[in-house]
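Before any comments, here is the structure.
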Amino acid sequence: MIQVEGISKEYKQFTRSPGIIGSMKNLLSREHTLLKAVNEISFSIEKGEAVGYLGPNGAGKSTMIKMLTGILVPTSGTITVNNLVPHKHRKEIAKKVGIVFGQRSQLWWDLPVEDSFELHRRIYNIQDIDYRKNMNIFLELLNLKEFITQPVRQLSLGQRMRAEIGLALLHNPDIVFLDEPTIGLDVIAKDNIRSFIKQMNRERKVSILLTSHDLKDIEEICPRMLIVNKGELIFDGTVDHLKSSLSSGKIITIEFASNPGEYVALENAELIADQGIRKTFKIDKGLDSAIDFVQSVSKRYPIKDFILQDSDIEDIIRRYYRSLEDDNNNELTKQERLSVI
Amino acid sequence: MNIRLFSYFIKLIIKSRMEYRGAFMIGAVGQILGYAANYLVIWLLLQNFDTINGWNWTEIAFLYSLNILTYAIGASFTYSPMVGLDQTIINGDFDKYLTKPLSPFTYYLASLFNIGYIAHIVISVFVLLWSISQVDMGWTAVKIIYLFLAVISGSFLQAAALVVIGSLSFTFLRVQYLFSILFKIKEFIAYPISIYGTLLQLILTWIIPLAMINYYPSLYLFDESILTNKLLGIVALVIGPLAFYLSYKLWMRGANKYQGAGG
Ligand SMILES: Nc1ncnc2c1ncn2[C@@H]1O[C@H](COP(=O)(O)OP(=O)(O)OP(=O)(O)O)[C@@H](O)[C@H]1O
Ligand SMILES: [Mg+2]
């Protein structure tokens, strides 16, 4: 459904001089520096897949989505979406694709929300039955009922986002690209949007490519994720895979029969919370070594109970990003960094 | 984009402009007064001279009205989108015009169609009809058709001038000063270009062919028995659509250079 092969995007960043004289000068000399926002990325996405696209600020996520939707022309490499090259077949691609940019609006600012939907119906030439069916579903699931007749400028951010997402799915696209769809929303609005996207993915087999800085979005919606950093793809796999192979850290909370004191002999374990008889440790290895750890502790100190949990995804990603920065400081090559995975 | 979709755009645009109908009305009245003042200036000028280079007041009123009418029609389609294009690009808001099953050009023009030129159209049609009633042009069916076609071609040419400058936004990002230059140059065609030097006349005919908007069509209508009037009058009918087509091509090339804005 989506094939991305060796895609790069370089932005020209012009040095501009201010004022009329400056503009005249810019007409004549066009000095610029090149910034490689996306660097030789390849991946493919099958029909019905939901993929999270993750990476720190400036990693090149929005740039990739803009190339996939035909907004930007890649500097090199090939992209096909539904066997079409996006920037060469913008109109055909648009019929198959829905787009949500959390930072921008597709809605008509001064008019009631329903007018934007009606306009989309006409632009996409949506059949009446399909339109009515979708509207009924969206009015319910996204709770558009409560504000569909209000001008867009009067909507709260959460309401507007729900409308944007409904609009993007109105023409029954095969693929939906969502660039930070939950940015700035409260917990309830996020839940609503996530479950809607999930439902569309499950029931309509709509492929999803989603970027977000809220890892819950990705954990809940996307079984697979791609992680990019500084324009390069550094991870492609399941969330579980990332957890087990990358961090595989375990959090262990042990309740002792009596307080063993400050010092508990621990190899490879880090004390992260200490409430006397209740201590929480984090170890870097997987399940086996966690059990070994508990056993070795229990030989020395009587234990009443223990809880074992995975370190959560936020924590994994945080540490992952940090390790990327460290690697960078150590000037490791890309190859070495990849071997971390 | 078909007519039905386009008229739905217009409907939405009228609806959203009417959210601020007070401002709209004030704008319309302001424009009518502004252009009435322009006509007054020319009329006063002709009180002293009687004719400018053989053109009397009613003929100049015709020439001038043809310019305003074609500008109002062309600018309804292209003024707001083209003058706003550089800012739209800088903000990254151009994205959405590239992601619909419509040509980005027609979609962008339709969504920013400006109904505010209705005031220009009212005053220029009014003066145009009045001047037609005053000047004896020996109207024939051919001339009436010619006038219609000249208005259409001139509108295309006016629209094209704005599109050409707008499309430079994709490369140079800031182009407002080029619009100011265009509007300065356009002041030349408020009067018959025969009053200017040969070089300027050549420029306005062949390089920046603004004289094709009103001067040559007027010559054709006033006296088509002169061969050059006839030939240039016919060129004037072709050059508008042609210029518009070329400006469209230029614009579409620019759109492919669009870099977006960060996000
Ligand atoms: N239009 C542009 N012109 C020049 N440089 C750009 C442009 N858009 C983005 N960049 C640069 O390209 C890089 C990638 O930007 P991009 O917007 O794709 O990042 P991102 O991963 O979406 O970041 P974020 O998480 O902050 O949204 C950044 O360094 C940015 O400064
Ligand atoms: Mg982004």
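Chain labels A, B, ... are given in the sequence in which chains occur in the structure tokens; within each chain residues are numbered consecutively from 1, and ligands are likewise numbered from 1 in the order shown.
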Give the residue list for ligand 2 at 9 Å, counting only C-alpha atoms and all ligand atoms, as a CSV table (one decimal) with N, CA, C and O atoms, in the first residue's frame, sorted by chain and then by residue number.
chain,number,residue,atom,x,y,z
A,57,ASN,N,11.7,16.2,18.4
A,57,ASN,CA,11.4,17.4,17.6
A,57,ASN,C,12.4,17.6,16.5
A,57,ASN,O,13.6,17.4,16.8
A,58,GLY,N,12.0,17.9,15.3
A,58,GLY,CA,12.9,18.2,14.2
A,58,GLY,C,13.5,16.9,13.6
A,58,GLY,O,14.4,17.0,12.8
A,59,ALA,N,12.9,15.7,13.9
A,59,ALA,CA,13.5,14.5,13.4
A,59,ALA,C,13.1,14.3,12.0
A,59,ALA,O,13.7,13.4,11.3
A,60,GLY,N,12.1,15.0,11.5
A,60,GLY,CA,11.7,14.8,10.1
A,60,GLY,C,10.4,14.1,9.9
A,60,GLY,O,10.1,13.6,8.8
A,61,LYS,N,9.6,14.1,10.9
A,61,LYS,CA,8.3,13.3,10.8
A,61,LYS,C,7.3,14.0,9.9
A,61,LYS,O,6.7,13.4,9.0
A,62,SER,N,7.1,15.3,10.2
A,62,SER,CA,6.1,16.0,9.4
A,62,SER,C,6.6,16.1,7.9
A,62,SER,O,5.8,16.0,7.0
A,63,THR,N,7.9,16.2,7.7
A,63,THR,CA,8.4,16.2,6.4
A,63,THR,C,8.1,14.9,5.6
A,63,THR,O,7.7,14.9,4.5
A,65,ILE,N,5.6,12.9,6.2
A,65,ILE,CA,4.1,12.9,6.0
A,65,ILE,C,3.8,13.8,4.8
A,65,ILE,O,3.0,13.4,3.9
A,101,PHE,N,-3.6,17.4,10.1
A,101,PHE,CA,-2.5,18.1,10.7
A,101,PHE,C,-3.0,18.8,11.9
A,101,PHE,O,-3.8,19.7,11.9
A,103,GLN,N,-1.8,20.9,13.7
A,103,GLN,CA,-1.4,22.3,13.8
A,103,GLN,C,-2.1,23.2,12.8
A,103,GLN,O,-2.0,24.4,12.8
A,179,ASP,N,-0.8,13.9,11.7
A,179,ASP,CA,0.4,14.5,12.3
A,179,ASP,C,0.0,15.2,13.6
A,179,ASP,O,-0.6,16.3,13.5
A,180,GLU,N,0.4,14.6,14.7
A,180,GLU,CA,0.1,15.1,16.0
A,180,GLU,C,-1.4,15.5,16.2
A,180,GLU,O,-1.8,16.6,16.5
A,211,THR,N,1.8,10.4,13.8
A,211,THR,CA,2.9,10.9,14.6
A,211,THR,C,2.3,11.5,15.9
A,211,THR,O,1.2,12.0,15.8
A,212,SER,N,3.1,11.4,16.9
A,212,SER,CA,2.6,12.0,18.2
A,212,SER,C,3.8,12.0,19.1
A,212,SER,O,4.7,11.2,19.0
B,262,GLY,N,7.9,24.4,8.6
B,262,GLY,CA,8.1,23.3,9.6
B,262,GLY,C,6.8,23.0,10.3
B,262,GLY,O,5.8,23.6,10.2
B,263,GLY,N,6.8,21.8,11.0
B,263,GLY,CA,5.5,21.4,11.7
B,263,GLY,C,5.8,20.2,12.6
B,263,GLY,O,6.0,19.2,12.1
Could you list, with a cut-off of 12 Å and counting only C-alpha atoms and all ligand atoms, the residues of chain B near ligand 1, each shown with its nearest atom pair and the distance in Å rounded to one decimal, rows sorted by chain and ascending number, as JSON lines?
{"residue": "B:Ile89", "atom": "CA", "partner": "ligand 1", "partner_atom_place_in_ligand_line": "1 (N)", "distance": 9.1}
{"residue": "B:Ile90", "atom": "CA", "partner": "ligand 1", "partner_atom_place_in_ligand_line": "1 (N)", "distance": 8.1}
{"residue": "B:Asn91", "atom": "CA", "partner": "ligand 1", "partner_atom_place_in_ligand_line": "1 (N)", "distance": 9.3}
{"residue": "B:Gly92", "atom": "CA", "partner": "ligand 1", "partner_atom_place_in_ligand_line": "1 (N)", "distance": 7.6}
{"residue": "B:Asp93", "atom": "CA", "partner": "ligand 1", "partner_atom_place_in_ligand_line": "1 (N)", "distance": 11.3}
{"residue": "B:Phe94", "atom": "CA", "partner": "ligand 1", "partner_atom_place_in_ligand_line": "1 (N)", "distance": 11.3}
{"residue": "B:Asp95", "atom": "CA", "partner": "ligand 1", "partner_atom_place_in_ligand_line": "1 (N)", "distance": 10.9}
{"residue": "B:Phe170", "atom": "CA", "partner": "ligand 1", "partner_atom_place_in_ligand_line": "1 (N)", "distance": 11.5}
{"residue": "B:Leu173", "atom": "CA", "partner": "ligand 1", "partner_atom_place_in_ligand_line": "1 (N)", "distance": 11.4}
{"residue": "B:Lys257", "atom": "CA", "partner": "ligand 1", "partner_atom_place_in_ligand_line": "1 (N)", "distance": 10.7}
{"residue": "B:Tyr258", "atom": "CA", "partner": "ligand 1", "partner_atom_place_in_ligand_line": "1 (N)", "distance": 8.2}
{"residue": "B:Gln259", "atom": "CA", "partner": "ligand 1", "partner_atom_place_in_ligand_line": "1 (N)", "distance": 4.8}
{"residue": "B:Gly260", "atom": "CA", "partner": "ligand 1", "partner_atom_place_in_ligand_line": "1 (N)", "distance": 4.3}
{"residue": "B:Ala261", "atom": "CA", "partner": "ligand 1", "partner_atom_place_in_ligand_line": "1 (N)", "distance": 3.5}
{"residue": "B:Gly262", "atom": "CA", "partner": "ligand 1", "partner_atom_place_in_ligand_line": "8 (N)", "distance": 3.4}
{"residue": "B:Gly263", "atom": "CA", "partner": "ligand 1", "partner_atom_place_in_ligand_line": "17 (O)", "distance": 4.1}
Selection file, C-alpha atoms, as a short mmCIF file (atom, residue, chain, number, x, y, z; two decimals), in the first residue's frame:
data_model
loop_
_atom_site.label_atom_id
_atom_site.label_comp_id
_atom_site.auth_asym_id
_atom_site.auth_seq_id
_atom_site.Cartn_x
_atom_site.Cartn_y
_atom_site.Cartn_z
CA ILE B 89 3.39 29.89 1.84
CA ILE B 90 5.40 31.26 4.74
CA ASN B 91 2.78 30.05 7.23
CA GLY B 92 2.70 26.64 5.61
CA ASP B 93 -1.03 27.01 4.98
CA PHE B 94 -0.56 26.20 1.34
CA ASP B 95 -0.42 22.50 2.27
CA PHE B 170 7.11 30.21 -4.48
CA LEU B 173 8.74 34.24 -0.71
CA LYS B 257 8.86 24.03 -5.58
CA TYR B 258 6.75 24.59 -2.50
CA GLN B 259 8.81 23.66 0.53
CA GLY B 260 6.16 23.93 3.20
CA ALA B 261 6.88 25.27 6.63
CA GLY B 262 8.08 23.33 9.63
CA GLY B 263 5.53 21.44 11.68
#
Residues of chain B that have any atom at most 6 Å from an atom of chain A: could you tabulate them with the shortest-distance atom pair and the distance in Å to one decimal, using only C-alpha atoms, ordered by chain and increasing number, as JSON lines?
{"residue": "B:Ser16", "atom": "CA", "partner": "A:Asp110", "partner_atom": "CA", "distance": 5.5}
{"residue": "B:Leu98", "atom": "CA", "partner": "A:Ile71", "partner_atom": "CA", "distance": 5.7}
{"residue": "B:Thr99", "atom": "CA", "partner": "A:Ala94", "partner_atom": "CA", "distance": 5.4}
{"residue": "B:Lys100", "atom": "CA", "partner": "A:Ala94", "partner_atom": "CA", "distance": 5.1}
{"residue": "B:Pro101", "atom": "CA", "partner": "A:Lys91", "partner_atom": "CA", "distance": 3.9}
{"residue": "B:Leu102", "atom": "CA", "partner": "A:Lys91", "partner_atom": "CA", "distance": 5.8}
{"residue": "B:Gly263", "atom": "CA", "partner": "A:Ser62", "partner_atom": "CA", "distance": 5.9}
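Here CA of Gly276 (chain A) and CA of Asp315 (chain A) stand 24.4 Å from one another.
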- All residues 10 Å or closer to region 50-59 of chain B, only C-alpha atoms, same chain fewer than 3 positions away omitted, as a PyMOL selection string: chain B and resi 39+42-47+62-65+127-128+130-136+191-195+218-219+222
Neighbouring residues of Gly84 (chain B) were defined as those with any atom within 10 Å, considering only C-alpha atoms; residues of the same chain fewer than 6 positions away were excluded. Please report them as a CSV table (one decimal) with N, CA, C and O atoms, in the first residue's frame.
chain,number,residue,atom,x,y,z
B,78,THR,N,-8.3,36.5,-8.9
B,78,THR,CA,-6.8,36.3,-8.6
B,78,THR,C,-6.2,37.3,-7.6
B,78,THR,O,-5.1,37.0,-7.1
B,112,LEU,N,-10.6,31.5,-2.5
B,112,LEU,CA,-10.3,32.9,-2.1
B,112,LEU,C,-11.0,33.9,-3.0
B,112,LEU,O,-10.6,35.1,-3.1
B,166,GLY,N,2.3,36.5,-8.3
B,166,GLY,CA,2.0,35.6,-7.3
B,166,GLY,C,2.9,34.3,-7.3
B,166,GLY,O,3.4,33.9,-6.3
B,169,SER,N,6.1,34.1,-5.7
B,169,SER,CA,6.2,33.9,-4.2
B,169,SER,C,6.8,32.5,-3.9
B,169,SER,O,7.4,32.4,-2.8
B,175,VAL,N,7.0,39.0,-2.1
B,175,VAL,CA,6.8,39.7,-3.4
B,175,VAL,C,5.9,40.9,-3.4
B,175,VAL,O,5.5,41.4,-4.5
B,176,GLN,N,5.6,41.4,-2.2
B,176,GLN,CA,4.6,42.5,-2.1
B,176,GLN,C,5.1,43.7,-2.9
B,176,GLN,O,4.3,44.4,-3.6
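With distances restricted to only C-alpha atoms, A:Leu157 is the closest residue to Gly184 (chain A) from A:Leu157, A:Ala163, A:Ala168, A:Ala290.
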- Task: Extract the full set of helix (DSSP H, G or I) residues from region 176-321 of chain A according to DSSP on the backbone, and format it as a PyMOL selection string.
- Result: chain A and resi 187-204+215-221+239-247+287-300+313-321
- Pick out the closest residue to Arg202 (chain A) from this set: A:Asp236, A:Glu40, A:Asp217, A:Glu49. Count only C-alpha atoms. A:Glu49
- Query: What lies within 8 Å of Leu54 (chain A) using only C-alpha atoms, ignoring chain neighbours under 2 positions off, as number ranges by chain?
  - Reply: A: 52, 56, 61, 211-213, 225-228
Residues from the last selection, C-alpha atoms, saved as a PDB file, in the first residue's frame:
ATOM      1  CA  GLY A  52       3.275   5.066  14.730  1.00  0.00           C
ATOM      2  CA  PRO A  56      12.182  13.866  18.799  1.00  0.00           C
ATOM      3  CA  LYS A  61       8.311  13.312  10.816  1.00  0.00           C
ATOM      4  CA  THR A 211       2.918  10.883  14.595  1.00  0.00           C
ATOM      5  CA  SER A 212       2.627  11.983  18.158  1.00  0.00           C
ATOM      6  CA  HIS A 213       4.694  12.947  21.116  1.00  0.00           C
ATOM      7  CA  MET A 225       6.234   1.803  15.160  1.00  0.00           C
ATOM      8  CA  LEU A 226       8.971   3.531  13.273  1.00  0.00           C
ATOM      9  CA  ILE A 227      11.393   5.700  15.161  1.00  0.00           C
ATOM     10  CA  VAL A 228      13.355   8.403  13.390  1.00  0.00           C
TER      11      VAL A 228
END
Quick one: everything within 7 Å of Glu255 (chain A), counting only C-alpha atoms, minus sequence neighbours fewer than 2 positions away in the same chain. Send it as a PDB file with all heavy atoms, in the first residue's frame.
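Listed below is the output, part-v8.pdb:
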ATOM      1  N   THR A 253       9.296  -4.097  42.650  1.00  0.00           N
ATOM      2  CA  THR A 253       9.050  -3.544  43.970  1.00  0.00           C
ATOM      3  C   THR A 253       9.032  -4.714  44.964  1.00  0.00           C
ATOM      4  O   THR A 253       8.290  -5.682  44.770  1.00  0.00           O
ATOM      5  CB  THR A 253       7.715  -2.797  43.996  1.00  0.00           C
ATOM      6  OG1 THR A 253       7.740  -1.816  42.965  1.00  0.00           O
ATOM      7  CG2 THR A 253       7.504  -2.126  45.344  1.00  0.00           C
ATOM      8  N   ALA A 257      10.234  -8.300  54.890  1.00  0.00           N
ATOM      9  CA  ALA A 257       9.615  -8.599  56.188  1.00  0.00           C
ATOM     10  C   ALA A 257      10.034  -7.536  57.200  1.00  0.00           C
ATOM     11  O   ALA A 257       9.238  -7.072  58.012  1.00  0.00           O
ATOM     12  CB  ALA A 257      10.027  -9.983  56.670  1.00  0.00           C
ATOM     13  N   ILE A 277      10.611  -0.554  54.255  1.00  0.00           N
ATOM     14  CA  ILE A 277      10.500  -1.981  53.957  1.00  0.00           C
ATOM     15  C   ILE A 277      10.041  -2.226  52.517  1.00  0.00           C
ATOM     16  O   ILE A 277      10.013  -3.336  52.040  1.00  0.00           O
ATOM     17  CB  ILE A 277       9.526  -2.701  54.947  1.00  0.00           C
ATOM     18  CG1 ILE A 277       8.112  -2.114  54.860  1.00  0.00           C
ATOM     19  CG2 ILE A 277      10.050  -2.635  56.376  1.00  0.00           C
ATOM     20  CD1 ILE A 277       7.091  -3.004  55.535  1.00  0.00           C
ATOM     21  N   ARG A 278       9.670  -1.148  51.865  1.00  0.00           N
ATOM     22  CA  ARG A 278       9.204  -1.280  50.491  1.00  0.00           C
ATOM     23  C   ARG A 278      10.200  -0.549  49.584  1.00  0.00           C
ATOM     24  O   ARG A 278      10.325   0.656  49.636  1.00  0.00           O
ATOM     25  CB  ARG A 278       7.846  -0.607  50.396  1.00  0.00           C
ATOM     26  CG  ARG A 278       6.882  -1.213  49.452  1.00  0.00           C
ATOM     27  CD  ARG A 278       5.627  -0.347  49.502  1.00  0.00           C
ATOM     28  NE  ARG A 278       5.048  -0.282  48.190  1.00  0.00           N
ATOM     29  CZ  ARG A 278       4.170  -1.188  47.755  1.00  0.00           C
ATOM     30  NH1 ARG A 278       3.756  -2.140  48.531  1.00  0.00           N
ATOM     31  NH2 ARG A 278       3.713  -1.100  46.520  1.00  0.00           N
ATOM     32  N   LYS A 279      10.883  -1.308  48.759  1.00  0.00           N
ATOM     33  CA  LYS A 279      11.885  -0.666  47.895  1.00  0.00           C
ATOM     34  C   LYS A 279      11.623  -1.018  46.432  1.00  0.00           C
ATOM     35  O   LYS A 279      11.226  -2.144  46.117  1.00  0.00           O
ATOM     36  CB  LYS A 279      13.293  -1.135  48.287  1.00  0.00           C
ATOM     37  CG  LYS A 279      13.722  -0.676  49.677  1.00  0.00           C
ATOM     38  CD  LYS A 279      15.174  -1.030  49.922  1.00  0.00           C
ATOM     39  CE  LYS A 279      15.498  -1.027  51.405  1.00  0.00           C
ATOM     40  NZ  LYS A 279      15.342   0.304  52.044  1.00  0.00           N
ATOM     41  N   ILE A 303      11.585 -11.845  52.403  1.00  0.00           N
ATOM     42  CA  ILE A 303      10.721 -11.034  51.542  1.00  0.00           C
ATOM     43  C   ILE A 303       9.276 -11.427  51.769  1.00  0.00           C
ATOM     44  O   ILE A 303       8.944 -12.610  51.866  1.00  0.00           O
ATOM     45  CB  ILE A 303      11.070 -11.282  50.056  1.00  0.00           C
ATOM     46  CG1 ILE A 303      12.390 -10.603  49.714  1.00  0.00           C
ATOM     47  CG2 ILE A 303       9.975 -10.776  49.144  1.00  0.00           C
ATOM     48  CD1 ILE A 303      12.806 -10.833  48.288  1.00  0.00           C
ATOM     49  N   LYS A 304       8.404 -10.453  51.889  1.00  0.00           N
ATOM     50  CA  LYS A 304       6.985 -10.765  52.038  1.00  0.00           C
ATOM     51  C   LYS A 304       6.289 -10.880  50.678  1.00  0.00           C
ATOM     52  O   LYS A 304       5.473 -11.747  50.452  1.00  0.00           O
ATOM     53  CB  LYS A 304       6.278  -9.666  52.872  1.00  0.00           C
ATOM     54  CG  LYS A 304       6.196 -10.014  54.349  1.00  0.00           C
ATOM     55  CD  LYS A 304       5.668  -8.853  55.142  1.00  0.00           C
ATOM     56  CE  LYS A 304       4.155  -8.730  54.985  1.00  0.00           C
ATOM     57  NZ  LYS A 304       3.657  -7.563  55.767  1.00  0.00           N
ATOM     58  N   ASP A 305       6.655  -9.948  49.811  1.00  0.00           N
ATOM     59  CA  ASP A 305       5.944  -9.908  48.527  1.00  0.00           C
ATOM     60  C   ASP A 305       6.804  -9.172  47.504  1.00  0.00           C
ATOM     61  O   ASP A 305       7.708  -8.427  47.884  1.00  0.00           O
ATOM     62  CB  ASP A 305       4.607  -9.161  48.724  1.00  0.00           C
ATOM     63  CG  ASP A 305       3.643  -9.445  47.581  1.00  0.00           C
ATOM     64  OD1 ASP A 305       3.997 -10.256  46.700  1.00  0.00           O
ATOM     65  OD2 ASP A 305       2.563  -8.837  47.573  1.00  0.00           O
ATOM     66  N   PHE A 306       6.529  -9.399  46.227  1.00  0.00           N
ATOM     67  CA  PHE A 306       7.173  -8.534  45.232  1.00  0.00           C
ATOM     68  C   PHE A 306       6.282  -8.351  44.006  1.00  0.00           C
ATOM     69  O   PHE A 306       5.431  -9.182  43.702  1.00  0.00           O
ATOM     70  CB  PHE A 306       8.558  -9.061  44.835  1.00  0.00           C
ATOM     71  CG  PHE A 306       8.515 -10.289  43.974  1.00  0.00           C
ATOM     72  CD1 PHE A 306       8.517 -10.170  42.584  1.00  0.00           C
ATOM     73  CD2 PHE A 306       8.494 -11.549  44.544  1.00  0.00           C
ATOM     74  CE1 PHE A 306       8.483 -11.312  41.793  1.00  0.00           C
ATOM     75  CE2 PHE A 306       8.461 -12.682  43.753  1.00  0.00           C
ATOM     76  CZ  PHE A 306       8.463 -12.569  42.368  1.00  0.00           C
TER      77      PHE A 306
END
- Message: At a cut-off of 8 Å, using only C-alpha atoms, what residues contact Phe147 (chain A)? Leave out same-chain residues fewer than 3 positions from it and give the result as a VMD selection string.
- Response: chain A and resid 113 144 150 155 159
- What gap, in Å, lies between CA of Met1 (chain B) and CA of Met252 (chain B)? 16.0 Å
- Residue among B:Val163, B:Leu157, B:Ile68, B:Leu5 lying closest to Trp251 (chain B), counting only C-alpha atoms: B:Val163
- Separation of CA of Pro173 (chain A) from CA of Phe117 (chain A), in Å and rounded to one decimal: 15.0 Å
- Item | Residues of region 50-125 of chain B in strand (DSSP E), written as a VMD selection string | chain B and resid 51 to 52 55 to 56
